[in-house]
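For reference, the structure is listed below as structure tokens.
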Amino acid sequence: MENRAARTLSRPITLGGVTLPNRVAMAPMTRGHAPGGVPGPDLAAYYARRAAGGTGLVITEGSYVDHPSAGQHDLVARLYGAEALAGWARVTAAVHEAGGRIFAQLQHVGMARRAGDPPHPGAPALGPSGRPLEGTVPGRTMTRADIDDVVRAFGEAGRAAERAGFDGVELHGAHGYLIDQFLWAGTNHRTDGYGGSVRARTRFAAEAVAAVRARVTPGFPVVVRLSQWKTSDYDARIAGTPEDFGIVLGALADAGADAFHISTRRFWLPAFDGAELTLAGWAKKLSGKPVIAVGSVGLDTEFTAGLTGGGAGRTGIGGLLDRLEADEFDVVAVGRSLLADPAWTAKILGGRDDEVVPFTPEALGVLH
């Protein structure tokens, strides 16, 4: 007899013009296994194993757009340059051969960059106000020309991703990176049209989305990842009320976003005082768009425990299924569980929960 997980998670869903075979996505996780920014055969096999293991959508780790200040590591893949794009074409072919879909995550780190960071050591850290994140030094406030250059880079990365065979893209607007630095009043102190009100702070993100939308085909999905929390501040908020969050979502939807990926550290927690709805639930209610939820799915500790050497116990996914069945959100992104077990999805859908390989910190050190 079909189990509840299979019944709930095996339903196809369409994002933009692309239909995913089920409701499970691999969350984007920086692995740093692309020497010189070029994804190799090991990365292609890594992503393809998740698709072969039943995961309907693979979202890559954040990949740098073509701007000198976009990156902070020479082992993180790029979405520019003939060699890197050829590597990505091999990755997308491998995922498709395994029966999956794959989206590229587009990233500019902004003020998270430190002086001398590769891949362009001489490039400055840029941000909406040059305001440092925790543990970094002040950088340069972006001029209008800087903004235009970065917006253009996002657009070109979207075009490059489609040409490399990706099924869609996700703009990384979460966790304190550049797009998020514009969205958050803590790092955006501008007094021009890109700062001040919630709508003005969303302008840069909306322009980046519109630039991608203009350079890809009409059915090519454009997703935006958003979070309240930052890597330097877990209590930060880009929106203090549902109304403010609705302004952000509306501007991005108007610019061409097809769906939202809402990153929380614990997907089930209420987002705003006085209501039980999660942030992913609010995103769907306010935007009417499909929503991907993420945050400690099936585990009893959040991801930061793994970074400090801790493991994670399994809790089951009954609560997740409740919310999916209630249409609170549409897709669930799974991180650590898929690092430990590439076949996690197939095992869950097949009622073989007892065969799932548990997550341990050792999974972070290998490209399994």
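Starting from 1 in every chain, residues are counted up; chains themselves are A, B, ... following the order of the structure tokens, and ligands are numbered from 1 as listed.
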
Contacts of segment 163-171 of chain A at 10 Å (only C-alpha atoms; same-chain gap of 5+ positions) as a PDB file with N, CA and C atoms, in the first residue's frame:
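See result-v4.pdb below for the written result:
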ATOM      1  N   LEU A  15       7.104  24.746 -11.926  1.00  0.00           N
ATOM      2  CA  LEU A  15       7.668  26.056 -11.606  1.00  0.00           C
ATOM      3  C   LEU A  15       7.999  26.736 -12.928  1.00  0.00           C
ATOM      4  N   GLY A  16       7.387  27.890 -13.181  1.00  0.00           N
ATOM      5  CA  GLY A  16       7.561  28.500 -14.488  1.00  0.00           C
ATOM      6  C   GLY A  16       7.036  27.545 -15.543  1.00  0.00           C
ATOM      7  N   GLY A  17       7.898  27.200 -16.485  1.00  0.00           N
ATOM      8  CA  GLY A  17       7.488  26.263 -17.531  1.00  0.00           C
ATOM      9  C   GLY A  17       8.092  24.888 -17.364  1.00  0.00           C
ATOM     10  N   VAL A  18       8.627  24.583 -16.185  1.00  0.00           N
ATOM     11  CA  VAL A  18       9.309  23.306 -15.956  1.00  0.00           C
ATOM     12  C   VAL A  18       8.563  22.507 -14.898  1.00  0.00           C
ATOM     13  N   THR A  19       8.276  21.262 -15.204  1.00  0.00           N
ATOM     14  CA  THR A  19       7.583  20.382 -14.258  1.00  0.00           C
ATOM     15  C   THR A  19       8.593  19.504 -13.531  1.00  0.00           C
ATOM     16  N   LEU A  20       8.551  19.557 -12.206  1.00  0.00           N
ATOM     17  CA  LEU A  20       9.394  18.711 -11.373  1.00  0.00           C
ATOM     18  C   LEU A  20       8.656  17.411 -11.103  1.00  0.00           C
ATOM     19  N   PRO A  28      20.690  24.118  -1.785  1.00  0.00           N
ATOM     20  CA  PRO A  28      22.028  24.575  -2.173  1.00  0.00           C
ATOM     21  C   PRO A  28      22.958  24.575  -0.975  1.00  0.00           C
ATOM     22  N   LEU A  57      14.496  17.839  -7.815  1.00  0.00           N
ATOM     23  CA  LEU A  57      15.178  19.073  -8.201  1.00  0.00           C
ATOM     24  C   LEU A  57      16.472  19.194  -7.422  1.00  0.00           C
ATOM     25  N   VAL A  58      17.553  19.441  -8.134  1.00  0.00           N
ATOM     26  CA  VAL A  58      18.848  19.747  -7.533  1.00  0.00           C
ATOM     27  C   VAL A  58      19.088  21.244  -7.691  1.00  0.00           C
ATOM     28  N   ILE A  59      19.395  21.914  -6.591  1.00  0.00           N
ATOM     29  CA  ILE A  59      19.789  23.327  -6.650  1.00  0.00           C
ATOM     30  C   ILE A  59      21.264  23.390  -6.304  1.00  0.00           C
ATOM     31  N   THR A  60      22.055  23.956  -7.196  1.00  0.00           N
ATOM     32  CA  THR A  60      23.499  23.969  -6.978  1.00  0.00           C
ATOM     33  C   THR A  60      23.874  24.905  -5.833  1.00  0.00           C
ATOM     34  N   GLY A  62      25.812  28.143  -4.360  1.00  0.00           N
ATOM     35  CA  GLY A  62      25.925  29.472  -4.943  1.00  0.00           C
ATOM     36  C   GLY A  62      27.109  29.560  -5.884  1.00  0.00           C
ATOM     37  N   SER A  63      26.876  29.990  -7.115  1.00  0.00           N
ATOM     38  CA  SER A  63      27.917  30.094  -8.134  1.00  0.00           C
ATOM     39  C   SER A  63      28.061  31.553  -8.531  1.00  0.00           C
ATOM     40  N   LEU A  79      29.801  31.010 -12.888  1.00  0.00           N
ATOM     41  CA  LEU A  79      28.903  30.886 -14.031  1.00  0.00           C
ATOM     42  C   LEU A  79      29.341  31.819 -15.145  1.00  0.00           C
ATOM     43  N   ALA A  84      34.458  26.928 -17.230  1.00  0.00           N
ATOM     44  CA  ALA A  84      33.451  26.693 -16.192  1.00  0.00           C
ATOM     45  C   ALA A  84      32.103  26.318 -16.801  1.00  0.00           C
ATOM     46  N   LEU A  85      31.709  26.995 -17.862  1.00  0.00           N
ATOM     47  CA  LEU A  85      30.415  26.715 -18.468  1.00  0.00           C
ATOM     48  C   LEU A  85      30.391  25.342 -19.142  1.00  0.00           C
ATOM     49  N   ALA A  86      31.532  24.931 -19.697  1.00  0.00           N
ATOM     50  CA  ALA A  86      31.612  23.573 -20.245  1.00  0.00           C
ATOM     51  C   ALA A  86      31.480  22.543 -19.124  1.00  0.00           C
ATOM     52  N   GLY A  87      32.091  22.844 -17.979  1.00  0.00           N
ATOM     53  CA  GLY A  87      31.946  21.957 -16.828  1.00  0.00           C
ATOM     54  C   GLY A  87      30.505  21.866 -16.368  1.00  0.00           C
ATOM     55  N   TRP A  88      29.814  23.003 -16.330  1.00  0.00           N
ATOM     56  CA  TRP A  88      28.405  22.992 -15.927  1.00  0.00           C
ATOM     57  C   TRP A  88      27.552  22.228 -16.937  1.00  0.00           C
ATOM     58  N   ALA A  89      27.885  22.312 -18.210  1.00  0.00           N
ATOM     59  CA  ALA A  89      27.125  21.567 -19.223  1.00  0.00           C
ATOM     60  C   ALA A  89      27.235  20.064 -18.968  1.00  0.00           C
ATOM     61  N   ARG A  90      28.402  19.611 -18.516  1.00  0.00           N
ATOM     62  CA  ARG A  90      28.559  18.195 -18.180  1.00  0.00           C
ATOM     63  C   ARG A  90      27.744  17.841 -16.931  1.00  0.00           C
ATOM     64  N   VAL A  91      27.674  18.768 -15.984  1.00  0.00           N
ATOM     65  CA  VAL A  91      26.882  18.547 -14.774  1.00  0.00           C
ATOM     66  C   VAL A  91      25.402  18.412 -15.128  1.00  0.00           C
ATOM     67  N   THR A  92      24.883  19.358 -15.893  1.00  0.00           N
ATOM     68  CA  THR A  92      23.453  19.319 -16.218  1.00  0.00           C
ATOM     69  C   THR A  92      23.103  18.085 -17.039  1.00  0.00           C
ATOM     70  N   ALA A  93      23.999  17.677 -17.935  1.00  0.00           N
ATOM     71  CA  ALA A  93      23.741  16.467 -18.724  1.00  0.00           C
ATOM     72  C   ALA A  93      23.667  15.243 -17.828  1.00  0.00           C
ATOM     73  N   VAL A  95      22.837  15.117 -14.607  1.00  0.00           N
ATOM     74  CA  VAL A  95      21.613  15.160 -13.805  1.00  0.00           C
ATOM     75  C   VAL A  95      20.410  14.776 -14.654  1.00  0.00           C
ATOM     76  N   HIS A  96      20.361  15.272 -15.868  1.00  0.00           N
ATOM     77  CA  HIS A  96      19.236  14.933 -16.748  1.00  0.00           C
ATOM     78  C   HIS A  96      19.240  13.438 -17.093  1.00  0.00           C
ATOM     79  N   GLY A 100      16.686  13.789 -13.270  1.00  0.00           N
ATOM     80  CA  GLY A 100      16.370  14.933 -12.422  1.00  0.00           C
ATOM     81  C   GLY A 100      16.314  16.244 -13.170  1.00  0.00           C
ATOM     82  N   ARG A 101      15.996  17.302 -12.427  1.00  0.00           N
ATOM     83  CA  ARG A 101      16.045  18.677 -12.912  1.00  0.00           C
ATOM     84  C   ARG A 101      17.070  19.424 -12.062  1.00  0.00           C
ATOM     85  N   ILE A 102      17.693  20.454 -12.629  1.00  0.00           N
ATOM     86  CA  ILE A 102      18.738  21.165 -11.906  1.00  0.00           C
ATOM     87  C   ILE A 102      18.653  22.661 -12.159  1.00  0.00           C
ATOM     88  N   PHE A 103      18.678  23.430 -11.074  1.00  0.00           N
ATOM     89  CA  PHE A 103      18.696  24.890 -11.130  1.00  0.00           C
ATOM     90  C   PHE A 103      20.056  25.379 -10.654  1.00  0.00           C
ATOM     91  N   ALA A 104      20.552  26.434 -11.258  1.00  0.00           N
ATOM     92  CA  ALA A 104      21.790  27.074 -10.817  1.00  0.00           C
ATOM     93  C   ALA A 104      21.467  28.199  -9.850  1.00  0.00           C
ATOM     94  N   GLN A 105      22.198  28.253  -8.751  1.00  0.00           N
ATOM     95  CA  GLN A 105      22.030  29.372  -7.827  1.00  0.00           C
ATOM     96  C   GLN A 105      23.070  30.452  -8.169  1.00  0.00           C
ATOM     97  N   LEU A 106      22.589  31.668  -8.408  1.00  0.00           N
ATOM     98  CA  LEU A 106      23.436  32.790  -8.806  1.00  0.00           C
ATOM     99  C   LEU A 106      23.785  33.609  -7.574  1.00  0.00           C
ATOM    100  N   GLN A 107      25.081  33.902  -7.397  1.00  0.00           N
ATOM    101  CA  GLN A 107      25.501  34.546  -6.159  1.00  0.00           C
ATOM    102  C   GLN A 107      26.487  35.680  -6.382  1.00  0.00           C
ATOM    103  N   HIS A 108      26.317  36.729  -5.581  1.00  0.00           N
ATOM    104  CA  HIS A 108      27.311  37.785  -5.386  1.00  0.00           C
ATOM    105  C   HIS A 108      27.388  37.986  -3.878  1.00  0.00           C
ATOM    106  N   PHE A 154      24.146  39.553 -13.145  1.00  0.00           N
ATOM    107  CA  PHE A 154      23.114  38.573 -12.822  1.00  0.00           C
ATOM    108  C   PHE A 154      22.359  38.158 -14.079  1.00  0.00           C
ATOM    109  N   ALA A 157      24.485  35.882 -16.162  1.00  0.00           N
ATOM    110  CA  ALA A 157      24.616  34.562 -15.537  1.00  0.00           C
ATOM    111  C   ALA A 157      23.375  33.717 -15.802  1.00  0.00           C
ATOM    112  N   GLY A 158      22.199  34.352 -15.778  1.00  0.00           N
ATOM    113  CA  GLY A 158      20.977  33.625 -16.104  1.00  0.00           C
ATOM    114  C   GLY A 158      21.006  33.092 -17.523  1.00  0.00           C
ATOM    115  N   ILE A 179      22.400  40.689  -2.431  1.00  0.00           N
ATOM    116  CA  ILE A 179      20.988  41.046  -2.609  1.00  0.00           C
ATOM    117  C   ILE A 179      20.333  41.267  -1.255  1.00  0.00           C
ATOM    118  N   ALA A 205      17.143  44.042  -5.819  1.00  0.00           N
ATOM    119  CA  ALA A 205      16.763  42.650  -6.043  1.00  0.00           C
ATOM    120  C   ALA A 205      15.824  42.530  -7.232  1.00  0.00           C
ATOM    121  N   ALA A 208      17.680  42.887 -10.476  1.00  0.00           N
ATOM    122  CA  ALA A 208      18.445  41.684 -10.802  1.00  0.00           C
ATOM    123  C   ALA A 208      17.532  40.603 -11.362  1.00  0.00           C
ATOM    124  N   VAL A 209      16.369  40.427 -10.747  1.00  0.00           N
ATOM    125  CA  VAL A 209      15.401  39.453 -11.255  1.00  0.00           C
ATOM    126  C   VAL A 209      14.966  39.825 -12.671  1.00  0.00           C
ATOM    127  N   VAL A 212      17.592  38.991 -15.297  1.00  0.00           N
ATOM    128  CA  VAL A 212      17.602  37.568 -15.638  1.00  0.00           C
ATOM    129  C   VAL A 212      16.410  37.230 -16.527  1.00  0.00           C
ATOM    130  N   VAL A 216      16.458  35.265 -20.486  1.00  0.00           N
ATOM    131  CA  VAL A 216      16.167  33.839 -20.618  1.00  0.00           C
ATOM    132  C   VAL A 216      14.840  33.669 -21.345  1.00  0.00           C
ATOM    133  N   GLY A 219       9.640  30.467 -20.572  1.00  0.00           N
ATOM    134  CA  GLY A 219       9.280  29.396 -19.652  1.00  0.00           C
ATOM    135  C   GLY A 219      10.359  29.011 -18.663  1.00  0.00           C
ATOM    136  N   PHE A 220      11.515  29.653 -18.752  1.00  0.00           N
ATOM    137  CA  PHE A 220      12.659  29.301 -17.907  1.00  0.00           C
ATOM    138  C   PHE A 220      12.416  29.821 -16.494  1.00  0.00           C
ATOM    139  N   PRO A 221      12.370  28.948 -15.477  1.00  0.00           N
ATOM    140  CA  PRO A 221      12.006  29.382 -14.129  1.00  0.00           C
ATOM    141  C   PRO A 221      13.064  30.273 -13.473  1.00  0.00           C
ATOM    142  N   VAL A 222      12.591  31.323 -12.833  1.00  0.00           N
ATOM    143  CA  VAL A 222      13.442  32.223 -12.053  1.00  0.00           C
ATOM    144  C   VAL A 222      12.913  32.207 -10.615  1.00  0.00           C
ATOM    145  N   VAL A 223      13.741  31.702  -9.702  1.00  0.00           N
ATOM    146  CA  VAL A 223      13.387  31.581  -8.295  1.00  0.00           C
ATOM    147  C   VAL A 223      14.235  32.563  -7.500  1.00  0.00           C
ATOM    148  N   VAL A 224      13.690  33.084  -6.404  1.00  0.00           N
ATOM    149  CA  VAL A 224      14.467  33.949  -5.513  1.00  0.00           C
ATOM    150  C   VAL A 224      14.493  33.319  -4.128  1.00  0.00           C
ATOM    151  N   ARG A 225      15.692  33.169  -3.574  1.00  0.00           N
ATOM    152  CA  ARG A 225      15.831  32.655  -2.210  1.00  0.00           C
ATOM    153  C   ARG A 225      15.892  33.830  -1.241  1.00  0.00           C
ATOM    154  N   LEU A 226      15.084  33.764  -0.206  1.00  0.00           N
ATOM    155  CA  LEU A 226      15.006  34.827   0.790  1.00  0.00           C
ATOM    156  C   LEU A 226      15.117  34.236   2.186  1.00  0.00           C
ATOM    157  N   ALA A 257       9.827  36.954 -10.929  1.00  0.00           N
ATOM    158  CA  ALA A 257      10.075  35.750 -10.147  1.00  0.00           C
ATOM    159  C   ALA A 257       8.905  34.776 -10.288  1.00  0.00           C
ATOM    160  N   ASP A 258       9.233  33.503 -10.544  1.00  0.00           N
ATOM    161  CA  ASP A 258       8.209  32.470 -10.697  1.00  0.00           C
ATOM    162  C   ASP A 258       7.906  31.751  -9.389  1.00  0.00           C
ATOM    163  N   ALA A 259       8.853  31.778  -8.449  1.00  0.00           N
ATOM    164  CA  ALA A 259       8.695  31.046  -7.199  1.00  0.00           C
ATOM    165  C   ALA A 259       9.662  31.619  -6.182  1.00  0.00           C
ATOM    166  N   PHE A 260       9.450  31.258  -4.917  1.00  0.00           N
ATOM    167  CA  PHE A 260      10.322  31.713  -3.828  1.00  0.00           C
ATOM    168  C   PHE A 260      10.826  30.523  -3.029  1.00  0.00           C
ATOM    169  N   HIS A 261      12.073  30.625  -2.616  1.00  0.00           N
ATOM    170  CA  HIS A 261      12.701  29.608  -1.769  1.00  0.00           C
ATOM    171  C   HIS A 261      12.979  30.282  -0.433  1.00  0.00           C
TER     172      HIS A 261
END

As a list in words, please: every residue in segment 240-346 of chain A that a backbone DSSP assignment puts in strand (DSSP E or B).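 Output for segment 240-346 of chain A, strand (DSSP E or B) only: Ala259, Phe260, His261, Ile262, Ser263, Pro270, Thr278, Val291, Ile292, Ala293, Val294, Leu299, Arg314, Val331, Val332, Ala333 and Val334 of chain A.
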
Any chance you can output those residues with N, CA and C atoms as a PDB file, in the first residue's frame?
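The result, written out as again-v4.pdb:
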ATOM      1  N   ALA A 259       8.853  31.778  -8.449  1.00  0.00           N
ATOM      2  CA  ALA A 259       8.695  31.046  -7.199  1.00  0.00           C
ATOM      3  C   ALA A 259       9.662  31.619  -6.182  1.00  0.00           C
ATOM      4  N   PHE A 260       9.450  31.258  -4.917  1.00  0.00           N
ATOM      5  CA  PHE A 260      10.322  31.713  -3.828  1.00  0.00           C
ATOM      6  C   PHE A 260      10.826  30.523  -3.029  1.00  0.00           C
ATOM      7  N   HIS A 261      12.073  30.625  -2.616  1.00  0.00           N
ATOM      8  CA  HIS A 261      12.701  29.608  -1.769  1.00  0.00           C
ATOM      9  C   HIS A 261      12.979  30.282  -0.433  1.00  0.00           C
ATOM     10  N   ILE A 262      12.243  29.872   0.589  1.00  0.00           N
ATOM     11  CA  ILE A 262      12.285  30.556   1.875  1.00  0.00           C
ATOM     12  C   ILE A 262      13.165  29.783   2.844  1.00  0.00           C
ATOM     13  N   SER A 263      14.291  30.385   3.211  1.00  0.00           N
ATOM     14  CA  SER A 263      15.265  29.726   4.061  1.00  0.00           C
ATOM     15  C   SER A 263      15.059  30.122   5.521  1.00  0.00           C
ATOM     16  N   PRO A 270       6.767  29.691  13.647  1.00  0.00           N
ATOM     17  CA  PRO A 270       5.993  30.851  13.190  1.00  0.00           C
ATOM     18  C   PRO A 270       6.908  32.009  12.812  1.00  0.00           C
ATOM     19  N   THR A 278       4.203  29.818   9.107  1.00  0.00           N
ATOM     20  CA  THR A 278       5.649  29.878   8.886  1.00  0.00           C
ATOM     21  C   THR A 278       5.979  30.942   7.834  1.00  0.00           C
ATOM     22  N   VAL A 291       6.187  27.897  -3.530  1.00  0.00           N
ATOM     23  CA  VAL A 291       7.190  28.184  -2.508  1.00  0.00           C
ATOM     24  C   VAL A 291       7.921  26.903  -2.110  1.00  0.00           C
ATOM     25  N   ILE A 292       9.239  27.024  -2.008  1.00  0.00           N
ATOM     26  CA  ILE A 292      10.107  25.967  -1.488  1.00  0.00           C
ATOM     27  C   ILE A 292      10.432  26.318  -0.043  1.00  0.00           C
ATOM     28  N   ALA A 293      10.271  25.366   0.861  1.00  0.00           N
ATOM     29  CA  ALA A 293      10.610  25.562   2.270  1.00  0.00           C
ATOM     30  C   ALA A 293      11.851  24.749   2.609  1.00  0.00           C
ATOM     31  N   VAL A 294      12.636  25.241   3.581  1.00  0.00           N
ATOM     32  CA  VAL A 294      13.833  24.524   4.009  1.00  0.00           C
ATOM     33  C   VAL A 294      14.123  24.878   5.461  1.00  0.00           C
ATOM     34  N   LEU A 299      15.238  16.527  11.057  1.00  0.00           N
ATOM     35  CA  LEU A 299      16.376  16.470  11.970  1.00  0.00           C
ATOM     36  C   LEU A 299      16.086  17.272  13.229  1.00  0.00           C
ATOM     37  N   ARG A 314      17.289  11.965  13.935  1.00  0.00           N
ATOM     38  CA  ARG A 314      16.144  12.026  13.037  1.00  0.00           C
ATOM     39  C   ARG A 314      14.861  12.178  13.833  1.00  0.00           C
ATOM     40  N   VAL A 331       7.136  22.708  -2.076  1.00  0.00           N
ATOM     41  CA  VAL A 331       8.320  21.865  -2.252  1.00  0.00           C
ATOM     42  C   VAL A 331       9.139  21.962  -0.969  1.00  0.00           C
ATOM     43  N   VAL A 332       9.817  20.888  -0.609  1.00  0.00           N
ATOM     44  CA  VAL A 332      10.707  20.929   0.541  1.00  0.00           C
ATOM     45  C   VAL A 332      12.137  20.707   0.060  1.00  0.00           C
ATOM     46  N   ALA A 333      13.044  21.556   0.509  1.00  0.00           N
ATOM     47  CA  ALA A 333      14.461  21.404   0.190  1.00  0.00           C
ATOM     48  C   ALA A 333      15.151  20.708   1.358  1.00  0.00           C
ATOM     49  N   VAL A 334      15.943  19.713   1.034  1.00  0.00           N
ATOM     50  CA  VAL A 334      16.624  18.887   2.037  1.00  0.00           C
ATOM     51  C   VAL A 334      18.128  19.081   1.874  1.00  0.00           C
TER      52      VAL A 334
END

So that I can check the surroundings of Glu355 of chain A, please list as a PyMOL selection string every protein, DNA and RNA residue that reaches within 10 Å of it, counting only C-alpha atoms and ignoring chain neighbours fewer than 5 positions away. chain A and resi 341+343-344+347-348

Kindly give the distance, in Å, that separates atom CA of Gly122 of chain A and atom CA of Pro35 of chain A, rounded to a single decimal.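 According to the coordinates, atom CA of Gly122 of chain A and atom CA of Pro35 of chain A are separated by 19.3 Å.
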
Surrounding residues of Arg266 of chain A excluding itself and chain neighbours under 3 positions, 8 Å, only C-alpha atoms, as a short mmCIF file (atom, residue, chain, number, x, y, z; two decimals) with all heavy atoms, in the first residue's frame:
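Result file selection-v8.cif:
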data_model
loop_
_atom_site.label_atom_id
_atom_site.label_comp_id
_atom_site.auth_asym_id
_atom_site.auth_seq_id
_atom_site.Cartn_x
_atom_site.Cartn_y
_atom_site.Cartn_z
N LEU A 269 8.72 26.90 12.44
CA LEU A 269 8.49 27.96 13.41
C LEU A 269 7.64 29.09 12.84
O LEU A 269 7.79 29.45 11.66
CB LEU A 269 9.82 28.52 13.91
CG LEU A 269 10.67 27.58 14.76
CD1 LEU A 269 11.93 28.29 15.24
CD2 LEU A 269 9.89 27.03 15.95
N VAL A 294 12.64 25.24 3.58
CA VAL A 294 13.83 24.52 4.01
C VAL A 294 14.12 24.88 5.46
O VAL A 294 13.75 25.94 5.94
CB VAL A 294 15.05 24.88 3.11
CG1 VAL A 294 15.51 26.31 3.34
CG2 VAL A 294 16.20 23.91 3.30
N GLY A 295 14.80 23.97 6.15
CA GLY A 295 15.23 24.26 7.52
C GLY A 295 15.06 23.08 8.45
O GLY A 295 14.01 22.84 8.99
N SER A 296 16.13 22.28 8.63
CA SER A 296 16.16 21.16 9.59
C SER A 296 15.07 20.13 9.32
O SER A 296 14.46 19.60 10.25
CB SER A 296 16.06 21.69 11.03
OG SER A 296 17.09 22.61 11.31
N VAL A 297 14.85 19.82 8.06
CA VAL A 297 13.80 18.85 7.70
C VAL A 297 14.19 17.47 8.23
O VAL A 297 15.23 16.92 7.90
CB VAL A 297 13.61 18.79 6.17
CG1 VAL A 297 12.69 17.65 5.79
CG2 VAL A 297 13.08 20.12 5.67
N GLU A 302 19.64 22.24 14.04
CA GLU A 302 19.78 23.03 12.82
C GLU A 302 21.17 22.83 12.24
O GLU A 302 22.06 22.24 12.85
CB GLU A 302 19.51 24.50 13.12
CG GLU A 302 20.44 25.09 14.15
CD GLU A 302 19.90 26.40 14.69
OE1 GLU A 302 18.71 26.47 15.04
OE2 GLU A 302 20.70 27.33 14.78
#

Every residue of segment 10-168 of chain A that DSSP places in helix (DSSP H, G or I), as a PyMOL selection string: chain A and resi 35-37+41-52+82-97+110-112+144-163

Here is a test: counting only C-alpha atoms, which residue of A:Asn22, A:Val76, A:Asp353, A:Val366 is nearest to Pro39 of chain A?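 Smallest separation from Pro39 of chain A among the options: A:Val76.
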
Smallest atom-to-atom distance to Glu243 of chain A: which of A:Pro118, A:Phe267, A:Lys285, A:Ala206, using only C-alpha atoms?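 Under the stated criterion, the closest residue is A:Lys285.
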
Gap from atom CA of Ala255 of chain A to atom CA of Met29 of chain A - Å, one decimal: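 Distance between the two atoms: 26.2 Å.
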
Neighbour list for Tyr234 of chain A as a list of chain:residue names, cut-off 12 Å, only C-alpha atoms, skip fewer than 2 positions in-chain: A:Glu134, A:Ala174, A:His175, A:Gly176, A:Ser227, A:Gln228, A:Trp229, A:Lys230, A:Thr231, A:Ser232, A:Ala236, A:Arg237, A:Ile238, A:Ser263, A:Thr264, A:Arg265, A:Arg266, A:Thr304

Skipping near chain neighbours, those fewer than 2 positions away, what residues fall within 12 Å of Asp148 of chain A using only C-alpha atoms, listed as a VMD selection string? chain A and resid 67 142 to 146 150 to 155 203 to 205 207 to 208 211

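One distance worth recording is that between atom CA of Gly288 of chain A and atom CA of Ala253 of chain A, which is 9.4 Å.
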
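Near Leu249 of chain A, within a cut-off of 8 Å and counting only C-alpha atoms, sit the residues Ala283, Leu286 and Ser287 of chain A, with same-chain residues fewer than 5 positions away left out.
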
Produce a file of the selected residues containing C-alpha atoms, as a short mmCIF file (atom, residue, chain, number, x, y, z; two decimals), in the first residue's frame.
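This is the output file part.cif:
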data_model
loop_
_atom_site.label_atom_id
_atom_site.label_comp_id
_atom_site.auth_asym_id
_atom_site.auth_seq_id
_atom_site.Cartn_x
_atom_site.Cartn_y
_atom_site.Cartn_z
CA ALA A 283 5.34 33.72 1.19
CA LEU A 286 1.07 36.78 0.13
CA SER A 287 2.52 36.09 -3.33
#

Between A:Leu183, A:Ala346, A:Leu367, A:Val65, which has the minimum distance to Gly81 of chain A (counting only C-alpha atoms)?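 Closest to Gly81 of chain A, using only C-alpha atoms: A:Val65.
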